[in-house]
Each structure stands twice: as C-alpha cells, then as structure tokens.
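**Student:** There's a structure below that I have some questions on.
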Amino acid sequence: MNKIDTERQKEIQQAEELLFAGPQALGFAKGLFHGHFVSDWVMPYPRLLPAQQTELDQTLAELREFLDAKLDPAAIDRQADIPREVIDGLGRVGVLGMTAPKDFGGRGFTQMANCQVLEEIGSRCGSTSVFVNAHHSIGIRALLLFGTHEQKQTWLPKLVTGEQLGAFALTEREAGSDAANVQMTARPSEDGSHFILNGEKRYITNAAIAQVLTVMARTPVPNSDKTAITAFLVTPEMPGFEMLEKRMPKMGIRGTATGRFALRDVKVPRENILGKLGKGLKVALTVLDFGRTTFGACCTGAAKTCLRLAVEHANTRRQFNKTLGNFHLVKKKIARIAADAYAMDAMTTITASLIDRGLEDYMLETAMLKVFTTERLWEIINDAFQIYGGSAYFVDLPLERMVRDARINQIGEGSNEVLTSFIALVGMRGPGMEFKEIYDTMLKPSRQGIGRAWTAGMNRLGAAVRIPDVPVRSAELRSFANQLARLIWRFNIAVNRSLIAYREPILDMQLVQERIAGAAMELFASTSVLSRWDAEMQFAQRNGQSAAKTNRAADLFLRQSFRRIRSFLAGLNDNDDKAILAAGDSALDSP
Ligand SMILES: Cc1cc2nc3c(=O)[nH]c(=O)nc-3n(C[C@H](O)[C@H](O)[C@H](O)COP(=O)(O)OP(=O)(O)OC[C@H]3O[C@@H](n4cnc5c(N)ncnc54)[C@H](O)[C@@H]3O)c2cc1C
C-alpha cells in the first residue's frame, strides 16, 4: 500500500469507529440506499400531542407579541448588534432553553415544537435566528446531551433563561470543513485535576457575549502517542482566555457577534469535560445534527416570508397594464417558491420527529435537511428578489438583507459540498459492505464467509427485484406513491451499479456522489411532502371537508422532484464529468 492508500485506510477506520459504532435500527434515509421504504419513521405524518400543541400555541402567541413589539431586524442589521432587551425577552418567553428539561428551568419542548419556534424567528430575522441557534441548538447542546446531572445542575439554570449565553467553538484556521483537524491542545496537569488548553478558535458565533463556551481541543490518548478531541466547558474569566476580535465585520447576519479568541495556558478543571475523554468529535457531530435541524426550521421561516412578499408584490405592482402575477415567468417563480416552502416545512417536521421518537442515527436526514433547505432558500430569495425588480436592491425592503443573511447557510455547520459527499458515502456504506462481503468471499472462500456473502447477495438481489410499498392512506395519492416507490427501486439499482462499476475509487468521485446524494435528498423531500399531504387529506375527510381540493404546491413539488430524481439518475450514465474535470485541472494548472 502506498502512503495515500494507508492514509485513506486510516481515515476510513476513524470514520467507521466514529459513525458506525454498535448496531442501530435502520433509519429512513439509510433504508433508501438499501432500496427499502422504512415507512414507520415517516408515515403517518408526525403530530404533536394535544397538550404539547396547546403549550406551543401559547408560546408562539407570546413570542409573536414580543417580536412584533421589540424585534427590529433592519435596526439589528444596521447597528450590527442584537439589543440586550431582545435577548432578555427571548429568555423570558423561554426560547433560550426551549428543549432543556423543566428540572433545570427549561421548557422541555420537543424538537418538533422547537422547530416551530425557530421557524417563527427565522421568518423575521436571520441574525436573531443564528444567535438563538448558536446559543441553544449548538452552544448548550453538548451540555444537554452529554453533561452529567451535576454539570447540568451547575451550568444550565442561568443558560436556559439567557442570564448567561452559550457558544460552540470548533472551527480553527486549520479545522474548517476538516473538523477533525482541531489543533487546540489540552494537556493534563500532573495531578490530573485539570487540563491546560492552548490554541486559537475563529468564526465563533456569540464568542464575545457568551459566558460559557463548549470548546473542542485535542487531548493525549492514555498509553499511546495518539491524540483525540475532547469537549470542554470554558468560561471567559478563566486566566489566559484572550478575546482577539469580538465582532469580525461581515456581509450578513450582522447582528451576531462572530469572534476570534485564544486560549493561552488556560487551566480547565477535569469536571468541565463534556462526555468522555477523547470522544469530543462524536460530541461535536451529534451537536451539529441538532443545529442542522433548526437550520431547516429557520430557512423554512425565511422561505415563507419570501412567499408572502413575492405574492404581495406580484398582486399589486402593475406593468404593461397588468399586475406582475399575470406574467407566466413571474407565476412560475411564485409556484416554485410555494412548492419548495411546503417541502421544506414537511422535511423539517419529519426530521425533528425522528429525533423526538428516539431514532438513534439521524445524521443522514439532518445533513439532507441542511443541504436541501439552504440551497432552496438561496434560490427562493433570488426569485423573490427578481420579482421585486430594482426595488429589492434598496435597504428599505428586507430582501437585500435576506440575501446577505442567507449566504452563510450553505457554508456554516458543514459546507454543502462536504455534506453532499457525506450523504452519498454514508448512505452507500451499507450496500457497499454487502458487495464487499460478496467480493471478498469470491477471492478467498471460507465457510463462514460464504454464509455471510449469501445473506448479503440475497439482500442485494431482494432490493433489485422488489419495488417497495409506499403506504399512503388517501386513494387520490396512490399514483404519486407508486411513482415514488418505483424511483426508490431505480435509485437502489443505480447505487448498486455505481458501487460495482467504481468500487473503492468512488470514495473520491464527488461528481458521482453529488448525483446520488441529490437523488436521495429529493426522495426524502418527496416522501415528506407525500406524508404531509396525505395527513392533510385524511384530516379534511374526517372533518367532512372536500378532500378533492388539490394542494397545488404539493402536487407541483412532487412532479418537479420526481423529474429531478430522474435527471440525477440519468446523469450517472450520460454526463460531461471527464470534460469538467479536465477543464478544472487545466484552469487550476494555469498560472
Ligand atoms: C458567520 C459565521 C459564523 C460561524 N459560527 C461558527 C460557530 O459558532 N462555531 C464554529 O465552530 N464555527 C462557526 N463557523 C465556521 C463554519 O462552520 C466554517 O466556516 C465552515 O465549517 C467552513 O469552514 P471554512 O470556512 O474553514 O472553509 P473551508 O474548510 O476552507 O472550505 C471552503 C470551501 O471549500 C469547499 N470544500 C472544503 N472541503 C471540501 C470537500 N471535502 N469536498 C468538496 N468541497 C470542499 C467547500 O465549498 C467550502 O465551502 C462560522 C462561520 C461563519 C462565516
């Protein structure tokens, strides 16, 4: 094996240990890659319990009243600051401890309910939603998920009210997309009572306004020369904590304080370790799963605002003696915004419900949600902007701010390129392992190996001959359900073919991965839409309403999503990949 192969094997082994430890129930997204439709996770469409819904409705009413009175997104953007009054108000409504247990002063909300709250904030102000995400979705998440009872008792009560604020500090100069490459060190003291932290973090939301930061640093692995990442709770008054830049001036979400800080021989007590020593990367990735879910909710809120703004303008602005909405090219944009906003909402709700219902492994769904909703929001804002024409360019309307605010979404919490590759590779791992079993046995037959290879072969064969069942309850949706089932079957065949054709080199073939991940995301989005529409029809039927009234947005989304899936799959065989790579190489090589 050459050096690159050895490195690659090491990376794969590390990822395996990190992501695939222990047996887990087959989730929905992983099921797609096996050609299954694991309906229990997605159908019927999830709903809050009546008591939870009542509590949510009351909270939303209170939140809206507060935001109407006190939140001024344009002023926040202009002054590049979220006023303390707004933060205190969010704390009073419970937003800053929404999913924290009631025992520690939180509201004990489910992720589904929390997403509704974030959608409301995201519909109004990008800065405020990123601030809340940084504090609640990721800043205090490691404490909520991995903290001991004592740690929670010590730290949470002030954090859930907003008396103190949280931040999540992973990124460094050398550890951006490559999150595992954290260089900040944490050396144990001789008596083992504390760790001494050294290094710098950058691009950290809330860094300069937080009283508690979850910081990722590299600790020695006992009895070896290796190191591993560990999560620590750090406070800014610890000697050696140096704020290098409190508010890095930036393009969008200007109200948030994005900072840089250094830790120079900062002594952090051992009791401040979150989770197990050396297991910080797992902590970080799990935390980001939650961040990506509320990202979806915030993007959904912003998408709904764009829809409202676009409709208002298209119905009132007249040119050529007609309102703009009469022109088909405008109508098309509005139709697409409505369809995508419906899908974003459905996908967010289903992803949040997976967490609430205790699916252990939802990393694929959260990654899909993040990529799907952030890409769609970018297009949606662009379309709404276009409908407004020149007026959108001026600061008296919110669209120019929304464009600036939305641009971070495709980069933060895992850039969409990294996540796209991740979705394809993690998804293909299951069927890939089955093929490997078969291949290894062919090369080196053994009794045990043949047994395993037989099972793997039957699984692959089963998925190849069986079209899965997509169990909708409304007869009107059967045709869509059948089309979806057939596309899942075709997707599975395409995955199998790619694995057989490319084998291990597929790990580096991102253009192939992009199509596979793209198709998988559309399958998840279509499923979410179908599930939601089915539930709406059932509800209408139960209440004696005419179920026949077609949901035009859902109808359009399914048609267009199915078209995109077919196009992704066709692109696996008919593409310009060689020319793209050659042109890229040529440009990269030119001085
Ligand atoms: C406003 C703001 C707030 C932030 N808040 C936080 C925070 O609170 N906490 C925190 O820890 N971090 C935070 N970040 C950091 C953010 O998560 C990183 O910016 C992000 O992970 C990308 O890292 P990078 O900027 O170093 O880009 P790089 O890693 O240099 O990547 C640049 C680009 O290269 C491409 N790329 C990289 N790797 C690959 C690959 N394997 N395959 C294909 N393409 C690839 C992608 O297009 C990517 O966008 C924040 C950043 C910003 C801008």
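Note on naming: chains are A, B, ... as they come in the structure tokens, residues start from 1 per chain, ligands start from 1 in the order shown.
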Give the residue list for ligand 1 at 7 Å, counting only C-alpha atoms and all ligand atoms, as a PyMOL selection string, sorted by chain and then by residue number.
**Tutor:** chain A and resi 134+167-171+173+175-178+203-206+253+258+408+411-418+421
**Student:** Considering only C-alpha atoms, state which residue in the set A:Ala475, A:Ala74, A:Leu523, A:Val38 is at the smallest distance from Leu26 in chain A.
**Tutor:**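 Ranking A:Ala475, A:Ala74, A:Leu523, A:Val38 by distance to Leu26 in chain A, first place goes to A:Val38.
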**Student:** Using only C-alpha atoms, can you tell me which of A:Arg317, A:Arg260, A:Arg566, A:His136 comes closest to Ser391 in chain A?
**Tutor:** A:Arg317
**Student:** Do you know which residues are at most 7 Å from Arg270 in chain A counting only C-alpha atoms, after dropping those on the same chain fewer than 5 positions away, and could you put them as a PyMOL selection string?
**Tutor:** chain A and resi 193-195
**Student:** Could you name the residues that touch Ile229 in chain A at 6 Å or less, counting only C-alpha atoms, but leaving out those on the same chain fewer than 4 positions away, as a PDB file with C-alpha atoms, in the first residue's frame?
**Tutor:**
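result38.pdb written:
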ATOM      1  CA  ALA A 217      -9.445  20.578  21.991  1.00  0.00           C
ATOM      2  CA  ARG A 218      -7.025  17.741  21.377  1.00  0.00           C
ATOM      3  CA  THR A 219      -6.095  15.542  24.373  1.00  0.00           C
ATOM      4  CA  GLY A 278     -11.263  11.641  23.653  1.00  0.00           C
ATOM      5  CA  GLY A 280     -15.246  15.069  21.507  1.00  0.00           C
ATOM      6  CA  LEU A 281     -15.619  14.574  17.770  1.00  0.00           C
TER       7      LEU A 281
END
**Student:** Considering only C-alpha atoms, return as a ChimeraX atom specification whatever protein or nucleic-acid residues lie within 7 Å of range 145-155 of chain A, sequence-local ones (same chain, fewer than 4 positions apart) excluded.
**Tutor:** /A:104,141,159,274-275
**Student:** Do you know which residues are at most 9 Å from range 374-390 of chain A counting only C-alpha atoms, after dropping those on the same chain fewer than 5 positions away, and could you put them as number ranges by chain?
**Tutor:** A: 295-296, 299-300, 302-303, 306-307, 309-311, 313-314, 317, 324, 330, 333-334, 336-337, 340-341, 344, 369, 399-400, 402-403, 406-407, 409-410, 416
**Student:** So which one's closest to Pro431 in chain A, A:Ile493, A:Ala481, A:Val465, A:Ala231? Using only C-alpha atoms, please.
**Tutor:**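 Of all the options, A:Ile493 lies closest to Pro431 in chain A.
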**Student:** Using CA of Phe372 in chain A and CA of His135 in chain A as the two end points, give the distance in Å to one decimal.
**Tutor:**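 Those two atoms sit 23.4 Å apart.
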**Student:** If we count only C-alpha atoms, what is near Tyr342 in chain A at a cut-off of 8 Å, once residues fewer than 5 positions away on the same chain are taken out, given as a PyMOL selection string?
**Tutor:** chain A and resi 529+553-554
**Student:** Could you state the separation of CA of Val234 in chain A and CA of Ala100 in chain A in Å, given to one decimal place?
**Tutor:**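 Interatomic distance here is 19.9 Å.
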**Student:** May I ask which of the residues A:Val212, A:Ala262, A:Ala113, A:Leu288 is the closest one to Asn133 in chain A, counting only C-alpha atoms?
**Tutor:** A:Leu288
**Student:** Could you check the closest approach to Arg401 in chain A for each of A:Lys70, A:Arg47, A:Gly255, A:Gln116 and tell me which residue wins, using only C-alpha atoms?
**Tutor:** A:Gly255
**Student:** State, in Å with one decimal place, the distance from CA of Ser474 in chain A to CA of Glu522 in chain A.
**Tutor:** 21.6 Å
**Student:** Please identify which residues in range 237-386 of chain A DSSP calls strand (DSSP E) from the backbone, and express them as a ChimeraX atom specification.
**Tutor:** /A:241-245,258-269,273-274,318-319,322-323
**Student:** As a short mmCIF file (atom, residue, chain, number, x, y, z; two decimals) with N, CA, C and O atoms, in the first residue's frame, please: every residue in range 460-563 of chain A that DSSP puts in alpha helix (DSSP H).
**Tutor:**
data_model
loop_
_atom_site.label_atom_id
_atom_site.label_comp_id
_atom_site.auth_asym_id
_atom_site.auth_seq_id
_atom_site.Cartn_x
_atom_site.Cartn_y
_atom_site.Cartn_z
N ARG A 460 -29.12 -7.85 -1.58
CA ARG A 460 -28.95 -7.03 -2.79
C ARG A 460 -29.94 -7.46 -3.86
O ARG A 460 -30.58 -6.66 -4.51
N LEU A 461 -30.07 -8.79 -4.02
CA LEU A 461 -30.98 -9.32 -5.04
C LEU A 461 -32.42 -8.94 -4.71
O LEU A 461 -33.19 -8.50 -5.57
N GLY A 462 -32.77 -9.08 -3.41
CA GLY A 462 -34.14 -8.77 -2.97
C GLY A 462 -34.50 -7.34 -3.33
O GLY A 462 -35.56 -7.06 -3.89
N ALA A 463 -33.57 -6.41 -3.02
CA ALA A 463 -33.84 -5.00 -3.29
C ALA A 463 -33.93 -4.74 -4.80
O ALA A 463 -34.65 -3.86 -5.24
N ALA A 464 -33.19 -5.55 -5.57
CA ALA A 464 -33.19 -5.31 -7.02
C ALA A 464 -34.48 -5.79 -7.68
O ALA A 464 -34.87 -5.26 -8.71
N VAL A 465 -35.13 -6.81 -7.10
CA VAL A 465 -36.34 -7.31 -7.75
C VAL A 465 -37.63 -6.78 -7.13
O VAL A 465 -38.69 -6.85 -7.74
N ARG A 478 -52.36 7.68 -4.51
CA ARG A 478 -51.76 6.38 -4.82
C ARG A 478 -50.81 6.46 -6.02
O ARG A 478 -49.72 5.88 -6.01
N SER A 479 -51.20 7.24 -7.02
CA SER A 479 -50.36 7.32 -8.21
C SER A 479 -48.99 7.93 -7.87
O SER A 479 -47.94 7.42 -8.29
N PHE A 480 -49.01 9.01 -7.06
CA PHE A 480 -47.73 9.59 -6.64
C PHE A 480 -46.93 8.57 -5.82
O PHE A 480 -45.71 8.47 -5.96
N ALA A 481 -47.62 7.84 -4.92
CA ALA A 481 -46.92 6.87 -4.07
C ALA A 481 -46.26 5.79 -4.94
O ALA A 481 -45.12 5.39 -4.69
N ASN A 482 -46.97 5.35 -5.97
CA ASN A 482 -46.40 4.32 -6.85
C ASN A 482 -45.18 4.84 -7.60
O ASN A 482 -44.19 4.13 -7.76
N GLN A 483 -45.29 6.09 -8.05
CA GLN A 483 -44.13 6.67 -8.77
C GLN A 483 -42.92 6.78 -7.84
O GLN A 483 -41.79 6.49 -8.23
N LEU A 484 -43.21 7.20 -6.60
CA LEU A 484 -42.11 7.33 -5.63
C LEU A 484 -41.46 5.97 -5.38
O LEU A 484 -40.23 5.83 -5.36
N ALA A 485 -42.30 4.95 -5.19
CA ALA A 485 -41.78 3.60 -4.92
C ALA A 485 -40.88 3.14 -6.07
O ALA A 485 -39.80 2.58 -5.85
N ARG A 486 -41.32 3.39 -7.27
CA ARG A 486 -40.53 2.97 -8.44
C ARG A 486 -39.20 3.72 -8.51
O ARG A 486 -38.16 3.16 -8.86
N LEU A 487 -39.24 4.99 -8.14
CA LEU A 487 -37.99 5.77 -8.16
C LEU A 487 -37.01 5.27 -7.09
O LEU A 487 -35.80 5.28 -7.31
N ILE A 488 -37.54 4.84 -5.95
CA ILE A 488 -36.65 4.28 -4.90
C ILE A 488 -35.99 3.01 -5.43
O ILE A 488 -34.80 2.77 -5.23
N TRP A 489 -36.78 2.22 -6.10
CA TRP A 489 -36.25 0.99 -6.69
C TRP A 489 -35.16 1.32 -7.72
O TRP A 489 -34.08 0.74 -7.72
N ARG A 490 -35.45 2.30 -8.56
CA ARG A 490 -34.45 2.69 -9.58
C ARG A 490 -33.20 3.28 -8.92
O ARG A 490 -32.08 3.06 -9.37
N PHE A 491 -33.41 4.03 -7.85
CA PHE A 491 -32.29 4.63 -7.12
C PHE A 491 -31.38 3.52 -6.57
O PHE A 491 -30.15 3.58 -6.70
N ASN A 492 -32.01 2.51 -5.99
CA ASN A 492 -31.22 1.42 -5.42
C ASN A 492 -30.40 0.71 -6.50
O ASN A 492 -29.22 0.38 -6.30
N ILE A 493 -31.00 0.51 -7.64
CA ILE A 493 -30.26 -0.13 -8.74
C ILE A 493 -29.09 0.76 -9.17
O ILE A 493 -27.97 0.29 -9.40
N ALA A 494 -29.33 2.06 -9.22
CA ALA A 494 -28.26 2.99 -9.62
C ALA A 494 -27.12 2.97 -8.60
O ALA A 494 -25.94 3.01 -8.97
N VAL A 495 -27.48 2.90 -7.30
CA VAL A 495 -26.44 2.82 -6.25
C VAL A 495 -25.63 1.54 -6.44
O VAL A 495 -24.39 1.55 -6.43
N ASN A 496 -26.33 0.43 -6.63
CA ASN A 496 -25.63 -0.85 -6.82
C ASN A 496 -24.70 -0.80 -8.02
O ASN A 496 -23.54 -1.23 -7.94
N ARG A 497 -25.23 -0.26 -9.11
CA ARG A 497 -24.41 -0.20 -10.34
C ARG A 497 -23.15 0.64 -10.11
O ARG A 497 -22.06 0.27 -10.52
N SER A 498 -23.33 1.78 -9.44
CA SER A 498 -22.18 2.66 -9.20
C SER A 498 -21.14 1.96 -8.33
O SER A 498 -19.93 2.07 -8.57
N LEU A 499 -21.63 1.23 -7.31
CA LEU A 499 -20.69 0.54 -6.42
C LEU A 499 -19.93 -0.55 -7.18
O LEU A 499 -18.72 -0.73 -6.99
N ILE A 500 -20.65 -1.26 -8.05
CA ILE A 500 -19.99 -2.34 -8.81
C ILE A 500 -19.03 -1.73 -9.84
O ILE A 500 -17.90 -2.20 -10.01
N ALA A 501 -19.46 -0.65 -10.48
CA ALA A 501 -18.64 -0.09 -11.56
C ALA A 501 -17.38 0.58 -11.02
O ALA A 501 -16.31 0.45 -11.60
N TYR A 502 -17.52 1.32 -9.90
CA TYR A 502 -16.38 2.15 -9.48
C TYR A 502 -15.62 1.58 -8.28
O TYR A 502 -14.49 1.99 -8.02
N GLN A 510 -16.56 12.77 -6.51
CA GLN A 510 -17.61 13.63 -5.95
C GLN A 510 -18.71 13.97 -6.95
O GLN A 510 -19.81 14.31 -6.54
N LEU A 511 -18.42 13.89 -8.25
CA LEU A 511 -19.48 14.22 -9.21
C LEU A 511 -20.53 13.10 -9.24
O LEU A 511 -21.73 13.36 -9.38
N VAL A 512 -20.06 11.86 -9.05
CA VAL A 512 -21.00 10.74 -8.93
C VAL A 512 -21.74 10.85 -7.59
O VAL A 512 -22.97 10.71 -7.51
N GLN A 513 -20.98 11.14 -6.55
CA GLN A 513 -21.61 11.27 -5.21
C GLN A 513 -22.70 12.34 -5.21
O GLN A 513 -23.75 12.18 -4.59
N GLU A 514 -22.43 13.44 -5.92
CA GLU A 514 -23.39 14.55 -5.93
C GLU A 514 -24.74 14.11 -6.50
O GLU A 514 -25.80 14.48 -6.00
N ARG A 515 -24.69 13.28 -7.55
CA ARG A 515 -25.95 12.83 -8.16
C ARG A 515 -26.67 11.86 -7.23
O ARG A 515 -27.89 11.90 -7.09
N ILE A 516 -25.89 10.99 -6.60
CA ILE A 516 -26.52 10.01 -5.70
C ILE A 516 -27.12 10.73 -4.49
O ILE A 516 -28.28 10.49 -4.11
N ALA A 517 -26.36 11.65 -3.92
CA ALA A 517 -26.89 12.40 -2.77
C ALA A 517 -28.08 13.26 -3.20
O ALA A 517 -29.07 13.37 -2.47
N GLY A 518 -27.99 13.86 -4.38
CA GLY A 518 -29.08 14.71 -4.87
C GLY A 518 -30.37 13.91 -5.01
O GLY A 518 -31.44 14.34 -4.57
N ALA A 519 -30.26 12.72 -5.60
CA ALA A 519 -31.45 11.87 -5.76
C ALA A 519 -31.99 11.46 -4.39
O ALA A 519 -33.20 11.48 -4.15
N ALA A 520 -31.09 11.10 -3.48
CA ALA A 520 -31.53 10.66 -2.15
C ALA A 520 -32.26 11.80 -1.43
O ALA A 520 -33.29 11.59 -0.79
N MET A 521 -31.73 13.02 -1.54
CA MET A 521 -32.37 14.16 -0.88
C MET A 521 -33.76 14.41 -1.44
O MET A 521 -34.70 14.69 -0.71
N GLU A 522 -33.87 14.31 -2.76
CA GLU A 522 -35.19 14.52 -3.39
C GLU A 522 -36.16 13.42 -2.95
O GLU A 522 -37.35 13.68 -2.76
N LEU A 523 -35.65 12.19 -2.81
CA LEU A 523 -36.54 11.10 -2.36
C LEU A 523 -37.05 11.39 -0.95
O LEU A 523 -38.23 11.16 -0.64
N PHE A 524 -36.16 11.89 -0.10
CA PHE A 524 -36.57 12.22 1.27
C PHE A 524 -37.57 13.39 1.26
O PHE A 524 -38.59 13.37 1.95
N ALA A 525 -37.28 14.40 0.43
CA ALA A 525 -38.18 15.56 0.36
C ALA A 525 -39.55 15.15 -0.18
O ALA A 525 -40.59 15.53 0.37
N SER A 526 -39.56 14.33 -1.23
CA SER A 526 -40.84 13.88 -1.81
C SER A 526 -41.64 13.07 -0.81
O SER A 526 -42.86 13.20 -0.70
N THR A 527 -40.93 12.21 -0.08
CA THR A 527 -41.61 11.40 0.94
C THR A 527 -42.26 12.31 1.98
O THR A 527 -43.40 12.09 2.39
N SER A 528 -41.52 13.33 2.40
CA SER A 528 -42.03 14.24 3.42
C SER A 528 -43.28 14.95 2.91
O SER A 528 -44.28 15.10 3.64
N VAL A 529 -43.24 15.38 1.65
CA VAL A 529 -44.38 16.08 1.06
C VAL A 529 -45.59 15.15 0.95
O VAL A 529 -46.72 15.50 1.31
N LEU A 530 -45.33 13.94 0.49
CA LEU A 530 -46.43 12.97 0.32
C LEU A 530 -47.07 12.66 1.67
O LEU A 530 -48.30 12.60 1.80
N SER A 531 -46.22 12.48 2.67
CA SER A 531 -46.72 12.15 4.01
C SER A 531 -47.58 13.29 4.55
O SER A 531 -48.67 13.08 5.10
N ARG A 532 -47.10 14.52 4.36
CA ARG A 532 -47.84 15.68 4.88
C ARG A 532 -49.16 15.85 4.13
O ARG A 532 -50.21 16.07 4.74
N TRP A 533 -49.11 15.73 2.84
CA TRP A 533 -50.32 15.92 2.02
C TRP A 533 -51.35 14.83 2.36
O TRP A 533 -52.55 15.11 2.50
N ASP A 534 -50.86 13.62 2.52
CA ASP A 534 -51.74 12.51 2.90
C ASP A 534 -52.45 12.81 4.23
O ASP A 534 -53.67 12.64 4.36
N ALA A 535 -51.69 13.31 5.20
CA ALA A 535 -52.27 13.63 6.51
C ALA A 535 -53.31 14.74 6.37
O ALA A 535 -54.37 14.70 7.00
N GLU A 536 -53.02 15.74 5.54
CA GLU A 536 -53.98 16.84 5.34
C GLU A 536 -55.27 16.33 4.71
O GLU A 536 -56.37 16.74 5.09
N MET A 537 -55.13 15.42 3.76
CA MET A 537 -56.33 14.87 3.11
C MET A 537 -57.16 14.05 4.09
O MET A 537 -58.38 14.14 4.13
N GLN A 538 -56.45 13.26 4.90
CA GLN A 538 -57.16 12.45 5.88
C GLN A 538 -57.90 13.34 6.88
O GLN A 538 -59.04 13.07 7.25
N PHE A 539 -57.25 14.40 7.28
CA PHE A 539 -57.85 15.34 8.23
C PHE A 539 -59.10 15.96 7.61
O PHE A 539 -60.16 16.04 8.24
N ALA A 540 -58.96 16.37 6.35
CA ALA A 540 -60.10 17.01 5.67
C ALA A 540 -61.27 16.03 5.57
O ALA A 540 -62.42 16.38 5.83
N GLN A 541 -60.94 14.78 5.24
CA GLN A 541 -62.02 13.78 5.10
C GLN A 541 -62.73 13.55 6.43
O GLN A 541 -63.95 13.50 6.50
N ARG A 542 -61.92 13.44 7.50
CA ARG A 542 -62.50 13.21 8.82
C ARG A 542 -63.42 14.36 9.22
O ARG A 542 -64.38 14.18 9.94
N ARG A 552 -52.04 22.44 -4.60
CA ARG A 552 -51.27 22.70 -5.82
C ARG A 552 -49.77 22.74 -5.55
O ARG A 552 -48.98 22.35 -6.40
N ALA A 553 -49.38 23.26 -4.38
CA ALA A 553 -47.94 23.34 -4.09
C ALA A 553 -47.35 21.94 -3.95
O ALA A 553 -46.29 21.64 -4.51
N ALA A 554 -48.06 21.07 -3.22
CA ALA A 554 -47.56 19.70 -3.02
C ALA A 554 -47.53 18.95 -4.36
O ALA A 554 -46.56 18.24 -4.67
N ASP A 555 -48.58 19.15 -5.13
CA ASP A 555 -48.68 18.49 -6.44
C ASP A 555 -47.48 18.90 -7.32
O ASP A 555 -46.80 18.05 -7.90
N LEU A 556 -47.21 20.20 -7.37
CA LEU A 556 -46.09 20.66 -8.20
C LEU A 556 -44.76 20.14 -7.66
O LEU A 556 -43.90 19.71 -8.43
N PHE A 557 -44.61 20.19 -6.32
CA PHE A 557 -43.34 19.74 -5.78
C PHE A 557 -43.05 18.29 -6.18
O PHE A 557 -41.94 17.97 -6.64
N LEU A 558 -44.05 17.43 -6.03
CA LEU A 558 -43.81 16.01 -6.34
C LEU A 558 -43.44 15.83 -7.82
O LEU A 558 -42.50 15.12 -8.16
N ARG A 559 -44.18 16.52 -8.69
CA ARG A 559 -43.87 16.38 -10.13
C ARG A 559 -42.44 16.83 -10.41
O ARG A 559 -41.68 16.14 -11.11
N GLN A 560 -42.06 17.99 -9.85
CA GLN A 560 -40.72 18.51 -10.17
C GLN A 560 -39.62 17.71 -9.49
O GLN A 560 -38.55 17.51 -10.05
N SER A 561 -39.91 17.26 -8.29
CA SER A 561 -38.90 16.47 -7.57
C SER A 561 -38.66 15.14 -8.30
O SER A 561 -37.51 14.71 -8.47
N PHE A 562 -39.73 14.50 -8.75
CA PHE A 562 -39.57 13.23 -9.49
C PHE A 562 -38.75 13.47 -10.76
O PHE A 562 -37.90 12.67 -11.15
N ARG A 563 -39.01 14.60 -11.40
CA ARG A 563 -38.25 14.94 -12.61
C ARG A 563 -36.76 15.10 -12.28
O ARG A 563 -35.89 14.63 -13.00
#
